[in-house]
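Undergrad: Structure: data24.txt, compact mmCIF, N, CA and C atoms.
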```txt
# COMPACT_ATOMS: atom_id res chain seq x y z
N MET I 1 80.36 -17.74 160.87
CA MET I 1 81.66 -18.33 161.11
C MET I 1 81.45 -19.80 161.48
N ASP I 2 82.17 -20.68 160.86
CA ASP I 2 82.00 -22.09 161.12
C ASP I 2 83.00 -22.64 162.13
N ARG I 3 83.85 -21.79 162.66
CA ARG I 3 84.79 -22.21 163.70
C ARG I 3 84.18 -21.94 165.07
N PRO I 4 84.39 -22.85 166.03
CA PRO I 4 83.83 -22.62 167.36
C PRO I 4 84.53 -21.44 168.05
N ILE I 5 83.75 -20.70 168.82
CA ILE I 5 84.31 -19.61 169.63
C ILE I 5 84.48 -20.14 171.05
N VAL I 6 85.71 -20.05 171.53
CA VAL I 6 86.04 -20.58 172.85
C VAL I 6 86.58 -19.44 173.71
N ALA I 7 85.96 -19.25 174.87
CA ALA I 7 86.43 -18.25 175.82
C ALA I 7 87.35 -18.93 176.82
N CYS I 8 88.50 -18.33 177.05
CA CYS I 8 89.45 -18.84 178.04
C CYS I 8 89.70 -17.72 179.04
N VAL I 9 89.27 -17.94 180.26
CA VAL I 9 89.43 -16.95 181.32
C VAL I 9 90.66 -17.31 182.14
N LEU I 10 91.57 -16.37 182.24
CA LEU I 10 92.81 -16.59 182.98
C LEU I 10 92.59 -16.29 184.47
N ALA I 11 92.79 -17.31 185.30
CA ALA I 11 92.54 -17.16 186.74
C ALA I 11 93.65 -17.81 187.55
N GLY I 12 94.88 -17.48 187.22
CA GLY I 12 96.00 -18.10 187.92
C GLY I 12 96.75 -17.18 188.85
N GLY I 13 96.23 -15.96 189.04
CA GLY I 13 96.91 -14.99 189.91
C GLY I 13 97.15 -15.53 191.30
N ILE I 14 98.24 -15.08 191.90
CA ILE I 14 98.64 -15.63 193.20
C ILE I 14 98.30 -14.74 194.39
N GLY I 15 97.59 -13.65 194.16
CA GLY I 15 97.14 -12.83 195.28
C GLY I 15 98.18 -11.92 195.88
N SER I 16 99.14 -11.47 195.09
CA SER I 16 100.22 -10.66 195.65
C SER I 16 100.07 -9.16 195.41
N ARG I 17 99.15 -8.73 194.57
CA ARG I 17 99.11 -7.31 194.19
C ARG I 17 98.05 -6.48 194.89
N LEU I 18 97.17 -7.09 195.63
CA LEU I 18 96.09 -6.32 196.26
C LEU I 18 96.00 -6.67 197.76
N TYR I 19 97.15 -6.91 198.36
CA TYR I 19 97.23 -7.24 199.77
C TYR I 19 96.72 -6.07 200.60
N PRO I 20 95.98 -6.26 201.65
CA PRO I 20 95.68 -7.51 202.34
C PRO I 20 94.38 -8.18 201.90
N ALA I 21 93.59 -7.53 201.03
CA ALA I 21 92.34 -8.15 200.59
C ALA I 21 92.62 -9.44 199.83
N SER I 22 93.60 -9.40 198.97
CA SER I 22 93.96 -10.55 198.15
C SER I 22 95.22 -11.18 198.73
N ARG I 23 95.16 -12.48 198.95
CA ARG I 23 96.30 -13.20 199.52
C ARG I 23 96.50 -14.49 198.74
N SER I 24 97.56 -15.21 199.04
CA SER I 24 97.87 -16.43 198.29
C SER I 24 96.77 -17.48 198.38
N ASP I 25 96.04 -17.50 199.49
CA ASP I 25 94.95 -18.47 199.63
C ASP I 25 93.61 -17.91 199.15
N ARG I 26 93.58 -16.63 198.75
CA ARG I 26 92.35 -16.00 198.28
C ARG I 26 92.71 -14.85 197.33
N PRO I 27 93.13 -15.19 196.10
CA PRO I 27 93.50 -14.14 195.15
C PRO I 27 92.29 -13.35 194.68
N LYS I 28 92.54 -12.19 194.09
CA LYS I 28 91.46 -11.25 193.79
C LYS I 28 90.41 -11.78 192.85
N GLN I 29 90.72 -12.76 191.99
CA GLN I 29 89.69 -13.28 191.09
C GLN I 29 88.55 -13.95 191.86
N PHE I 30 88.78 -14.35 193.10
CA PHE I 30 87.75 -14.98 193.92
C PHE I 30 87.04 -13.99 194.85
N LEU I 31 87.42 -12.73 194.79
CA LEU I 31 86.83 -11.71 195.66
C LEU I 31 85.68 -10.99 194.95
N ALA I 32 84.74 -10.52 195.72
CA ALA I 32 83.60 -9.76 195.20
C ALA I 32 83.92 -8.27 195.32
N LEU I 33 84.81 -7.80 194.51
CA LEU I 33 85.21 -6.39 194.52
C LEU I 33 84.28 -5.60 193.61
N GLY I 34 83.65 -4.58 194.13
CA GLY I 34 82.77 -3.74 193.33
C GLY I 34 81.45 -4.40 192.96
N GLY I 35 81.05 -5.40 193.70
CA GLY I 35 79.79 -6.09 193.42
C GLY I 35 79.55 -7.18 194.45
N GLU I 36 78.49 -7.95 194.23
CA GLU I 36 78.13 -9.00 195.18
C GLU I 36 78.74 -10.35 194.81
N ARG I 37 79.15 -10.51 193.55
CA ARG I 37 79.72 -11.76 193.09
C ARG I 37 81.19 -11.58 192.78
N SER I 38 81.92 -12.69 192.77
CA SER I 38 83.36 -12.62 192.54
C SER I 38 83.69 -12.07 191.15
N LEU I 39 84.89 -11.54 191.02
CA LEU I 39 85.34 -11.04 189.72
C LEU I 39 85.32 -12.17 188.69
N LEU I 40 85.70 -13.37 189.09
CA LEU I 40 85.67 -14.51 188.18
C LEU I 40 84.25 -14.82 187.72
N SER I 41 83.30 -14.84 188.63
CA SER I 41 81.90 -15.11 188.27
C SER I 41 81.39 -14.08 187.27
N ARG I 42 81.71 -12.82 187.52
CA ARG I 42 81.23 -11.77 186.62
C ARG I 42 81.95 -11.82 185.27
N THR I 43 83.20 -12.23 185.26
CA THR I 43 83.90 -12.41 183.99
C THR I 43 83.24 -13.53 183.19
N MET I 44 82.88 -14.61 183.86
CA MET I 44 82.21 -15.71 183.17
C MET I 44 80.89 -15.26 182.56
N ASP I 45 80.18 -14.36 183.21
CA ASP I 45 78.96 -13.81 182.62
C ASP I 45 79.24 -13.15 181.28
N ARG I 46 80.39 -12.49 181.17
CA ARG I 46 80.74 -11.79 179.94
C ARG I 46 81.16 -12.75 178.82
N THR I 47 81.29 -14.03 179.14
CA THR I 47 81.69 -15.00 178.12
C THR I 47 80.50 -15.81 177.59
N ALA I 48 79.30 -15.39 177.89
CA ALA I 48 78.10 -16.13 177.48
C ALA I 48 77.99 -16.28 175.97
N PHE I 49 78.63 -15.44 175.20
CA PHE I 49 78.59 -15.50 173.74
C PHE I 49 79.34 -16.71 173.19
N ALA I 50 80.22 -17.31 173.96
CA ALA I 50 81.11 -18.36 173.46
C ALA I 50 80.39 -19.71 173.34
N ASP I 51 80.87 -20.51 172.42
CA ASP I 51 80.35 -21.87 172.27
C ASP I 51 80.80 -22.75 173.43
N GLU I 52 82.03 -22.53 173.89
CA GLU I 52 82.55 -23.25 175.05
C GLU I 52 83.36 -22.29 175.89
N ARG I 53 83.40 -22.58 177.19
CA ARG I 53 84.11 -21.70 178.13
C ARG I 53 85.02 -22.51 179.04
N TYR I 54 86.21 -21.98 179.24
CA TYR I 54 87.20 -22.64 180.09
C TYR I 54 87.83 -21.61 181.01
N VAL I 55 88.32 -22.10 182.14
CA VAL I 55 89.10 -21.28 183.06
C VAL I 55 90.47 -21.93 183.17
N LEU I 56 91.50 -21.15 182.95
CA LEU I 56 92.88 -21.61 183.11
C LEU I 56 93.37 -21.13 184.46
N THR I 57 93.84 -22.05 185.29
CA THR I 57 94.24 -21.70 186.64
C THR I 57 95.42 -22.55 187.10
N ARG I 58 95.86 -22.30 188.31
CA ARG I 58 96.91 -23.10 188.95
C ARG I 58 96.28 -24.29 189.65
N ASP I 59 97.08 -25.30 189.87
CA ASP I 59 96.60 -26.51 190.55
C ASP I 59 95.99 -26.18 191.91
N ALA I 60 96.58 -25.23 192.62
CA ALA I 60 96.11 -24.88 193.97
C ALA I 60 94.69 -24.31 193.96
N PHE I 61 94.24 -23.76 192.83
CA PHE I 61 92.92 -23.13 192.75
C PHE I 61 91.90 -23.96 191.97
N ALA I 62 92.31 -25.07 191.39
CA ALA I 62 91.44 -25.84 190.49
C ALA I 62 90.13 -26.25 191.16
N ASP I 63 90.18 -26.66 192.41
CA ASP I 63 88.97 -27.10 193.10
C ASP I 63 88.01 -25.95 193.41
N ASP I 64 88.49 -24.72 193.41
CA ASP I 64 87.66 -23.56 193.74
C ASP I 64 86.94 -22.98 192.51
N ILE I 65 87.36 -23.37 191.33
CA ILE I 65 86.82 -22.75 190.11
C ILE I 65 85.33 -22.99 189.96
N HIS I 66 84.86 -24.21 190.17
CA HIS I 66 83.44 -24.51 189.92
C HIS I 66 82.49 -23.78 190.87
N GLU I 67 82.98 -23.32 192.00
CA GLU I 67 82.15 -22.50 192.89
C GLU I 67 81.83 -21.16 192.22
N HIS I 68 82.75 -20.65 191.44
CA HIS I 68 82.61 -19.34 190.80
C HIS I 68 82.22 -19.45 189.33
N ALA I 69 82.50 -20.60 188.71
CA ALA I 69 82.24 -20.79 187.28
C ALA I 69 81.80 -22.23 187.03
N PRO I 70 80.60 -22.59 187.51
CA PRO I 70 80.17 -24.00 187.40
C PRO I 70 80.01 -24.48 185.96
N GLU I 71 79.82 -23.57 185.03
CA GLU I 71 79.60 -23.93 183.63
C GLU I 71 80.90 -24.12 182.85
N ALA I 72 82.04 -23.85 183.46
CA ALA I 72 83.30 -23.83 182.73
C ALA I 72 84.09 -25.14 182.88
N GLY I 73 84.80 -25.45 181.81
CA GLY I 73 85.81 -26.48 181.90
C GLY I 73 87.03 -25.88 182.58
N VAL I 74 87.83 -26.71 183.20
CA VAL I 74 89.00 -26.21 183.92
C VAL I 74 90.27 -26.77 183.29
N LEU I 75 91.19 -25.87 182.98
CA LEU I 75 92.53 -26.23 182.52
C LEU I 75 93.50 -25.85 183.63
N VAL I 76 94.42 -26.73 183.94
CA VAL I 76 95.38 -26.46 185.01
C VAL I 76 96.77 -26.30 184.41
N GLU I 77 97.36 -25.13 184.66
CA GLU I 77 98.72 -24.88 184.18
C GLU I 77 99.68 -25.86 184.83
N PRO I 78 100.63 -26.40 184.09
CA PRO I 78 101.60 -27.30 184.70
C PRO I 78 102.56 -26.56 185.63
N ASP I 79 102.78 -25.27 185.34
CA ASP I 79 103.70 -24.47 186.15
C ASP I 79 103.38 -23.00 185.89
N GLY I 80 103.16 -22.21 186.94
CA GLY I 80 102.83 -20.80 186.76
C GLY I 80 104.01 -20.00 186.25
N LYS I 81 103.87 -19.46 185.05
CA LYS I 81 104.96 -18.69 184.43
C LYS I 81 104.47 -17.36 183.87
N ASP I 82 103.41 -16.80 184.40
CA ASP I 82 102.84 -15.54 183.95
C ASP I 82 101.97 -15.69 182.71
N THR I 83 101.48 -14.57 182.19
CA THR I 83 100.43 -14.56 181.19
C THR I 83 100.84 -15.15 179.84
N GLY I 84 101.96 -14.77 179.30
CA GLY I 84 102.37 -15.24 177.98
C GLY I 84 102.43 -16.76 177.90
N PRO I 85 103.22 -17.41 178.74
CA PRO I 85 103.26 -18.88 178.71
C PRO I 85 101.91 -19.52 179.03
N ALA I 86 101.12 -18.89 179.89
CA ALA I 86 99.79 -19.43 180.20
C ALA I 86 98.91 -19.45 178.95
N LEU I 87 98.97 -18.39 178.16
CA LEU I 87 98.19 -18.35 176.91
C LEU I 87 98.66 -19.40 175.91
N VAL I 88 99.96 -19.58 175.80
CA VAL I 88 100.49 -20.60 174.89
C VAL I 88 99.99 -21.97 175.33
N TYR I 89 100.03 -22.24 176.62
CA TYR I 89 99.56 -23.52 177.14
C TYR I 89 98.06 -23.70 176.85
N ALA I 90 97.27 -22.67 177.08
CA ALA I 90 95.82 -22.74 176.84
C ALA I 90 95.54 -23.02 175.36
N VAL I 91 96.22 -22.33 174.46
CA VAL I 91 96.02 -22.55 173.02
C VAL I 91 96.37 -23.99 172.67
N TRP I 92 97.48 -24.48 173.17
CA TRP I 92 97.91 -25.85 172.89
C TRP I 92 96.88 -26.86 173.37
N ARG I 93 96.40 -26.70 174.61
CA ARG I 93 95.42 -27.64 175.17
C ARG I 93 94.07 -27.55 174.48
N LEU I 94 93.59 -26.35 174.21
CA LEU I 94 92.27 -26.20 173.61
C LEU I 94 92.26 -26.61 172.14
N ARG I 95 93.34 -26.37 171.46
CA ARG I 95 93.39 -26.74 170.04
C ARG I 95 93.25 -28.25 169.86
N GLU I 96 93.78 -29.02 170.77
CA GLU I 96 93.69 -30.48 170.64
C GLU I 96 92.29 -31.01 170.98
N ARG I 97 91.43 -30.19 171.55
CA ARG I 97 90.07 -30.61 171.91
C ARG I 97 89.07 -30.49 170.77
N PHE I 98 89.43 -29.81 169.70
CA PHE I 98 88.49 -29.52 168.63
C PHE I 98 88.95 -30.15 167.32
N ASP I 99 87.99 -30.50 166.48
CA ASP I 99 88.34 -31.07 165.18
C ASP I 99 88.71 -29.99 164.16
N ARG I 100 88.47 -28.75 164.48
CA ARG I 100 88.90 -27.62 163.64
C ARG I 100 89.36 -26.51 164.57
N GLU I 101 90.14 -25.60 164.05
CA GLU I 101 90.73 -24.56 164.90
C GLU I 101 89.66 -23.63 165.45
N PRO I 102 89.62 -23.48 166.77
CA PRO I 102 88.65 -22.54 167.36
C PRO I 102 89.16 -21.11 167.30
N VAL I 103 88.24 -20.18 167.46
CA VAL I 103 88.59 -18.78 167.69
C VAL I 103 88.67 -18.65 169.20
N LEU I 104 89.82 -18.30 169.69
CA LEU I 104 90.04 -18.24 171.13
C LEU I 104 89.99 -16.79 171.61
N VAL I 105 89.11 -16.55 172.58
CA VAL I 105 88.99 -15.23 173.19
C VAL I 105 89.48 -15.37 174.63
N CYS I 106 90.53 -14.65 174.96
CA CYS I 106 91.13 -14.75 176.30
C CYS I 106 90.80 -13.51 177.11
N LEU I 107 90.36 -13.73 178.35
CA LEU I 107 89.99 -12.62 179.23
C LEU I 107 90.64 -12.82 180.60
N PRO I 108 91.10 -11.75 181.21
CA PRO I 108 91.58 -11.86 182.59
C PRO I 108 90.39 -11.98 183.54
N SER I 109 90.56 -12.73 184.59
CA SER I 109 89.45 -12.95 185.53
C SER I 109 89.39 -11.91 186.63
N ASP I 110 90.40 -11.08 186.72
CA ASP I 110 90.50 -10.20 187.88
C ASP I 110 90.29 -8.73 187.56
N HIS I 111 89.57 -8.45 186.48
CA HIS I 111 89.26 -7.06 186.13
C HIS I 111 87.82 -6.74 186.51
N HIS I 112 87.61 -5.51 186.90
CA HIS I 112 86.26 -5.04 187.22
C HIS I 112 85.73 -4.27 186.02
N VAL I 113 84.54 -4.64 185.55
CA VAL I 113 83.86 -3.93 184.46
C VAL I 113 82.59 -3.35 185.08
N ASP I 114 82.45 -2.02 185.02
CA ASP I 114 81.34 -1.36 185.70
C ASP I 114 79.96 -1.87 185.31
N ASP I 115 79.72 -2.05 184.03
CA ASP I 115 78.39 -2.45 183.58
C ASP I 115 78.49 -3.72 182.75
N ASP I 116 78.45 -4.87 183.44
CA ASP I 116 78.59 -6.15 182.75
C ASP I 116 77.54 -6.34 181.67
N ALA I 117 76.30 -5.93 181.93
CA ALA I 117 75.22 -6.13 180.96
C ALA I 117 75.49 -5.34 179.68
N ALA I 118 75.94 -4.11 179.81
CA ALA I 118 76.24 -3.29 178.64
C ALA I 118 77.41 -3.88 177.87
N PHE I 119 78.40 -4.40 178.57
CA PHE I 119 79.55 -5.03 177.92
C PHE I 119 79.09 -6.24 177.10
N ALA I 120 78.30 -7.11 177.69
CA ALA I 120 77.82 -8.30 177.00
C ALA I 120 76.95 -7.94 175.81
N HIS I 121 76.12 -6.91 175.96
CA HIS I 121 75.25 -6.48 174.87
C HIS I 121 76.05 -6.02 173.66
N ARG I 122 77.15 -5.32 173.89
CA ARG I 122 77.97 -4.83 172.78
C ARG I 122 78.62 -5.96 172.01
N LEU I 123 78.86 -7.11 172.67
CA LEU I 123 79.46 -8.24 171.99
C LEU I 123 78.50 -8.98 171.09
N GLU I 124 77.20 -8.83 171.32
CA GLU I 124 76.19 -9.56 170.53
C GLU I 124 76.01 -8.98 169.16
```
Written as C-alpha cells, that's how I'd like the structure from this file.

TA:
Amino acid sequence: MDRPIVACVLAGGIGSRLYPASRSDRPKQFLALGGERSLLSRTMDRTAFADERYVLTRDAFADDIHEHAPEAGVLVEPDGKDTGPALVYAVWRLRERFDREPVLVCLPSDHHVDDDAAFAHRLE
C-alpha cells in the first residue's frame, strides 16, 4: 500500500463514567486500570504498526498527553462534541498534513485489552 497508515487515538473523555476512579481532572484514559501503565499508554503500544500516530484530545488534557504518549502528535478538538464530530475533525486535520490520502485507523484510548502483545501480533 502506498498510502500512509495513520493511527488516531481518541482521548477526549471527561471522566464522568467511571466515578470515583475517573474524574474530570483525571479521566480513565490516564488511569492504569488492569495494568501498570495507563490505558492511553497501552493503546499507543497497539498503534506501533502505523507510519504516524496522533492523539486527539481536549485542550484541558493536551499537556498531559506526552506523559502517556511521548511518540504521538497531539490534535486538540476545538470543542468537545462526542465521538462522531471528533472523528470528522481528526480526518479533516490529518488529511491536510499529507500529500496523499492516508489510511486512518481510529482507536479509543480508554479500552482495556487483556493481551496487548497478542493484539499487536495479529495486526502484523

Undergrad: Range 10-83 of chain I near range 94-112 of chain I within 8 Å: what's each residue's closest atom pair and its distance in Å to one decimal, counting all atoms listed in the file, ordered by chain then ascending residue number, as CSV?

TA:
```
residue,atom,partner,partner_atom,distance
I:Leu10,N,I:Leu107,C,4.0
I:Ala11,N,I:Ser109,N,5.1
I:Gly12,N,I:Ser109,N,6.9
I:Gly13,N,I:Ser109,N,7.9
I:Pro27,C,I:Asp110,CA,7.7
I:Lys28,C,I:Asp110,CA,5.2
I:Gln29,CA,I:Asp110,CA,4.5
I:Phe30,N,I:Asp110,CA,6.9
I:Leu31,N,I:Asp110,CA,8.0
I:Leu33,C,I:His112,CA,6.7
I:Gly34,CA,I:His112,CA,7.2
I:Ser38,C,I:Ser109,C,7.3
I:Leu39,C,I:Ser109,C,4.6
I:Leu40,N,I:Ser109,C,4.7
I:Ser41,N,I:Ser109,C,7.0
I:Arg42,C,I:Ser109,C,7.6
I:Thr43,CA,I:Ser109,CA,5.8
I:Met44,N,I:Ser109,CA,7.0
```

Undergrad: Could you work out how far atom C of Glu36 in chain I lies from atom N of Gly80 in chain I, giving the answer in Å with one decimal?

TA: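 Atom N of Gly80 in chain I sits 28.3 Å away from atom C of Glu36 in chain I.
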
Undergrad: For the point (90.2, -28.6, 181.6) in file coordinates, what residues are within 7 Å, counting all atoms listed in the file? Give the answer as a list in words?

TA: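 Within 7 Å of (90.2, -28.6, 181.6), the protein and nucleic acid residues are Tyr54, Val55, Gly73, Val74, Leu75 and Val76 of chain I.
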
Undergrad: Edge lengths and centre, in Å to one decimal, as lines of an AutoDock Vina configuration file: that's what I need for the box along x, y and z that holds all listed atoms of range 38-51 of chain I plus 6 Å on each side.

TA:
```
center_x = 81.8
center_y = -16.9
center_z = 182.5
size_x = 19.7
size_y = 23.7
size_z = 32.5
```

Undergrad: Which of chain I end up as helix (DSSP H, G or I) when DSSP is run on this backbone - answer as a PyMOL selection string?

TA: chain I and resi 28-30+39-45+59-68+83-95+116-123

Undergrad: Go through I:Cys8, I:Ala32, I:Ile65, I:Leu56 and flag the residue nearest Glu77 in chain I, using only N, CA and C atoms for the distances.

TA: I:Leu56

Undergrad: Could you state the separation of atom N of Phe49 in chain I and atom N of His68 in chain I in Å, given to one decimal place?

TA: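 These atoms are spaced 17.5 Å apart.
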
Undergrad: Measure the distance from CA of Ile5 in chain I to CA of Arg58 in chain I in Å and round it to one decimal.

TA: 23.3 Å

Undergrad: Closest to Val113 in chain I among I:Ala69, I:Arg46, I:Pro4, I:Arg26, using only C-alpha atoms?

TA: I:Arg46
